[in-house]
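Asker: Supplied in structure tokens, the structure appears directly below.
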Amino acid sequence: MARSLGRVFNGFQRLGSLSPMKAHLSQPSATSVAVRSTLVRSMGLALPSPFFSKPRDFSLPNSSWSSEMKRLYEHYNSQCEVETEAGEKQEGPWRRLPSYNRLLKYATGGVYLSKIIQSQARLFTRNIKETGAAFEYVLFVNSEEKKCVCIFQAGHLLEGPPGHVHGGAIATMIDTVTGTHATILSGPVMTANLNISYRSPIPLGSTVLLESTLDRKEGRKTFITCKVTSTDGSKVHTETTALFVSINIGHLLLGG
Ligand SMILES: CCCCCCCC/C=C\CCCCCCCC(=O)SCCNC(=O)CCNC(=O)[C@H](O)C(C)(C)COP(=O)(O)OP(=O)(O)OC[C@H]1O[C@@H](n2cnc3c(N)ncnc32)[C@H](O)[C@@H]1OP(=O)(O)O
């Protein structure tokens, strides 16, 4: 199981084309939960199986996306593959990260999870079926610059102050983007500290940009900064510093 999850993280790091995973994976000795990674399968890191249908990639455009969201998607997506002078296609500076509503076929986490919870667990930001209602977002990573950008459109179910996005929903997106970025940079991590300054409210339905940047790495600690702005950069919505600590995956799976 730890090996399966390790392959997920390796897959993420491969997407970021960064240094090989340094995380220490331990082998949990006696655990009976069968874990298959939908993410690994759909990234093509394991053989496709006839027993599973292809999971939906939530980061692809859908009819709820605003024209601004689509424009920005095209902007970054067009830089994922570039043409050389000789007319050949090659990888560009950015890569789009696919996004699914679960990382593993079965959640893990030790004695507290019933079998039902294990099979029904879903990623928080991807668990609302109605498109456009909650978190619509797509992430692109630039490994050269150690940056990650997220184009985020906040739906009507995320209301906090009237007509504006709930601070917890904003924090969720910041945690998701910086957490994913830290995973690409450092392998398996947990958020240890998230320090957010809310500078201006985000109107519901609007599209904003989250820009995550590596500040520094110190041993097991990865420090990231993240800014949420309007899409033209003229308005700052939040400023964040985040600390992620590298963890031992076996420990996490056994509920440690
Ligand atoms: C599994 C992760 C993500 C997967 C991503 C997959 C791919 C993407 C797919 C889908 C996208 C989804 C992305 C979502 C991402 C969300 C991530 C979260 O929200 S994680 C949930 C919230 N976080 C917790 O529940 C942590 C609870 N805390 C802990 O478990 C521990 O405290 C932990 C692991 C953080 C550290 O515990 P220790 O025992 O391993 O290590 P010690 O010795 O305490 O700390 C290590 C160093 O860090 C400093 N440190 C620890 N906590 C600190 C803090 N709060 N502030 C400042 N420094 C701190 C310490 O001072 C120490 O520093 P010195 O080495 O001595 O220099």
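The chains in the structure tokens are called A, B, ... from first to last as shown; in each chain the residues are counted from 1, and the ligands are counted from 1 in the order shown.
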How would you report the residues lying within 8 Å of ligand 1, as JSON, numbers by chain, if you count only C-alpha atoms and all ligand atoms?

Answerer: {"A": [8, 9, 12, 99, 100, 102, 103, 123, 172, 175, 176, 177, 178, 179, 180, 183, 184, 188, 189, 190, 191, 192, 193, 218, 219, 220, 221, 243, 244, 245, 246, 247, 248, 249, 252]}

Asker: Could you pull the residues within 6 Å of stretch 84-97 of chain A, counting only C-alpha atoms, minus those fewer than 6 positions along the same chain, as a PyMOL selection string?

Answerer: chain A and resi 139-142

Asker: For N, CA and C atoms, I'd like the residues from the last selection saved as a CSV table (one decimal), in the first residue's frame.

Answerer:
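Once written, out-v9.csv looks like this:
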```csv
chain,number,residue,atom,x,y,z
A,139,LEU,N,-4.9,23.6,-12.1
A,139,LEU,CA,-3.5,23.9,-11.7
A,139,LEU,C,-2.5,23.7,-12.9
A,140,PHE,N,-1.6,24.6,-13.0
A,140,PHE,CA,-0.4,24.4,-13.9
A,140,PHE,C,0.8,24.6,-13.1
A,141,VAL,N,1.8,23.8,-13.4
A,141,VAL,CA,3.1,23.8,-12.7
A,141,VAL,C,4.2,24.2,-13.6
A,142,ASN,N,5.2,25.0,-13.1
A,142,ASN,CA,6.3,25.4,-13.9
A,142,ASN,C,7.6,25.0,-13.1
```

Asker: Calculated over only C-alpha atoms, which of the candidates A:Ile174, A:Val82, A:Leu185, A:Leu204 has the smallest distance to A:Ala134?

Answerer: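 For A:Ala134, the nearest of the candidates is A:Leu204.
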
Asker: Would you kindly return, as a list in words, each protein, DNA or RNA residue with an atom no farther than 12 Å from any atom of A:Ser234, considering only C-alpha atoms and excluding same-chain residues fewer than 3 positions away?

Answerer: Ser200, Val208, Leu209, Val228, Thr229, Ser230, Thr231 and His237 of chain A

Asker: So how far away is atom CA of A:Ser197 from atom CA of A:Gly233, in Å?

Answerer: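 Going from atom CA of A:Gly233 over to atom CA of A:Ser197 covers 16.8 Å.
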
Asker: Run DSSP on the backbone and give me the residues of stretch 146-178 of chain A it puts in alpha helix (DSSP H), as a PyMOL selection string.

Answerer: chain A and resi 167-178

Asker: Near stretch 162-168 of chain A, counting only C-alpha atoms, which residues have an atom at most 8 Å away, once you skip same-chain residues fewer than 3 positions from it, shown as a PyMOL selection string?

Answerer: chain A and resi 154+158-159+171-172+201-204

Asker: Can I get the selected residues back with C-alpha atoms, as a short mmCIF file (atom, residue, chain, number, x, y, z; two decimals), in the first residue's frame?

Answerer:
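Output (part17.cif):
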```
data_model
loop_
_atom_site.label_atom_id
_atom_site.label_comp_id
_atom_site.auth_asym_id
_atom_site.auth_seq_id
_atom_site.Cartn_x
_atom_site.Cartn_y
_atom_site.Cartn_z
CA ALA A 154 -15.80 30.34 -7.05
CA LEU A 158 -19.09 28.97 -1.45
CA GLU A 159 -20.82 32.05 -0.07
CA ALA A 171 -8.15 28.85 2.72
CA THR A 172 -9.13 25.45 1.29
CA PRO A 201 -13.06 40.06 -0.58
CA ILE A 202 -13.56 37.80 -3.60
CA PRO A 203 -16.93 38.22 -5.36
CA LEU A 204 -18.86 34.98 -5.89
#
```

Asker: May I ask for the distance between atom CA of A:Ala121 and atom CA of A:Gln153, given in Å to one decimal place?

Answerer: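 Rounded to one decimal, the two atoms are 23.8 Å apart.
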
Asker: Do you have the atom CA of A:Tyr73-atom CA of A:Glu239 distance handy?

Answerer: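 Spanning atom CA of A:Tyr73 to atom CA of A:Glu239 is a straight-line distance of 22.6 Å.
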
Asker: Give the strand (DSSP E or B) residues of stretch 78-241 of chain A, as assigned by DSSP on the backbone, as a PyMOL selection string.

Answerer: chain A and resi 81-83+89-91+95-97+135-142+147-154+159+164-165+189-198+203+207-218+221-230+236-241

Asker: Using only C-alpha atoms, find the one residue out of A:Trp65, A:Phe223, A:Phe152, A:Tyr198 that sits nearest to A:Thr131.

Answerer: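 Smallest separation from A:Thr131 among the options: A:Trp65.
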
Asker: Using only C-alpha atoms, find the one residue out of A:Gly132, A:Met173, A:Thr207, A:Gly187 that sits nearest to A:Thr240.

Answerer: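 The closest residue to A:Thr240 is A:Met173.
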
Asker: Rank nothing, just name the residue among A:Ala169, A:His181, A:Ile128, A:Leu72 nearest to A:Asp232, using only C-alpha atoms.

Answerer: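 For A:Asp232, the nearest of the candidates is A:Leu72.
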
Asker: Determine, counting only C-alpha atoms, which protein, DNA and RNA residues have an atom within 12 Å of an atom of A:Glu74; residues of the same chain fewer than 3 positions away are not included. Present the result as JSON, numbers by chain.

Answerer: {"A": [60, 61, 67, 68, 69, 70, 71, 77, 78, 79, 80, 81, 94, 96, 138, 140, 151]}

Asker: Print the selection's residues with N, CA and C atoms to a file, as an mmCIF file, in the first residue's frame.

Answerer:
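The new file again.cif reads:
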```
data_model
loop_
_atom_site.group_PDB
_atom_site.id
_atom_site.type_symbol
_atom_site.label_atom_id
_atom_site.label_comp_id
_atom_site.auth_asym_id
_atom_site.auth_seq_id
_atom_site.Cartn_x
_atom_site.Cartn_y
_atom_site.Cartn_z
ATOM 1 N N LEU A 60 -10.435 19.826 -16.531
ATOM 2 C CA LEU A 60 -10.670 20.189 -17.936
ATOM 3 C C LEU A 60 -11.854 21.157 -18.041
ATOM 4 N N PRO A 61 -11.860 22.033 -19.061
ATOM 5 C CA PRO A 61 -12.928 23.033 -19.180
ATOM 6 C C PRO A 61 -14.312 22.391 -19.230
ATOM 7 N N SER A 67 -15.756 33.086 -19.488
ATOM 8 C CA SER A 67 -14.848 33.313 -20.621
ATOM 9 C C SER A 67 -13.447 33.658 -20.108
ATOM 10 N N GLU A 68 -13.377 34.325 -18.958
ATOM 11 C CA GLU A 68 -12.068 34.677 -18.375
ATOM 12 C C GLU A 68 -11.321 33.415 -17.925
ATOM 13 N N MET A 69 -12.068 32.480 -17.331
ATOM 14 C CA MET A 69 -11.472 31.205 -16.893
ATOM 15 C C MET A 69 -10.936 30.434 -18.114
ATOM 16 N N LYS A 70 -11.744 30.411 -19.182
ATOM 17 C CA LYS A 70 -11.324 29.688 -20.401
ATOM 18 C C LYS A 70 -10.115 30.376 -21.039
ATOM 19 N N ARG A 71 -10.132 31.707 -21.033
ATOM 20 C CA ARG A 71 -9.023 32.460 -21.641
ATOM 21 C C ARG A 71 -7.707 32.145 -20.919
ATOM 22 N N ASN A 77 -2.351 26.573 -20.990
ATOM 23 C CA ASN A 77 -2.346 25.279 -21.688
ATOM 24 C C ASN A 77 -1.530 25.355 -22.979
ATOM 25 N N SER A 78 -1.582 26.529 -23.628
ATOM 26 C CA SER A 78 -0.836 26.672 -24.886
ATOM 27 C C SER A 78 0.672 26.679 -24.632
ATOM 28 N N GLN A 79 1.073 26.853 -23.382
ATOM 29 C CA GLN A 79 2.503 26.837 -23.058
ATOM 30 C C GLN A 79 2.952 25.487 -22.500
ATOM 31 N N CYS A 80 2.055 24.496 -22.570
ATOM 32 C CA CYS A 80 2.432 23.149 -22.117
ATOM 33 C C CYS A 80 3.183 22.406 -23.220
ATOM 34 N N GLU A 81 2.899 22.794 -24.449
ATOM 35 C CA GLU A 81 3.597 22.190 -25.583
ATOM 36 C C GLU A 81 3.941 23.317 -26.546
ATOM 37 N N TRP A 94 5.186 24.983 -18.917
ATOM 38 C CA TRP A 94 4.101 24.685 -17.978
ATOM 39 C C TRP A 94 3.535 23.289 -18.223
ATOM 40 N N ARG A 96 -0.084 21.033 -17.158
ATOM 41 C CA ARG A 96 -1.386 21.009 -16.471
ATOM 42 C C ARG A 96 -1.439 19.780 -15.574
ATOM 43 N N VAL A 138 -8.163 24.782 -12.026
ATOM 44 C CA VAL A 138 -7.159 23.995 -12.744
ATOM 45 C C VAL A 138 -5.780 24.502 -12.328
ATOM 46 N N PHE A 140 -1.568 24.598 -12.987
ATOM 47 C CA PHE A 140 -0.437 24.417 -13.905
ATOM 48 C C PHE A 140 0.841 24.576 -13.093
ATOM 49 N N ILE A 151 -6.045 28.591 -11.611
ATOM 50 C CA ILE A 151 -7.131 29.468 -12.047
ATOM 51 C C ILE A 151 -8.372 28.944 -11.329
#
```
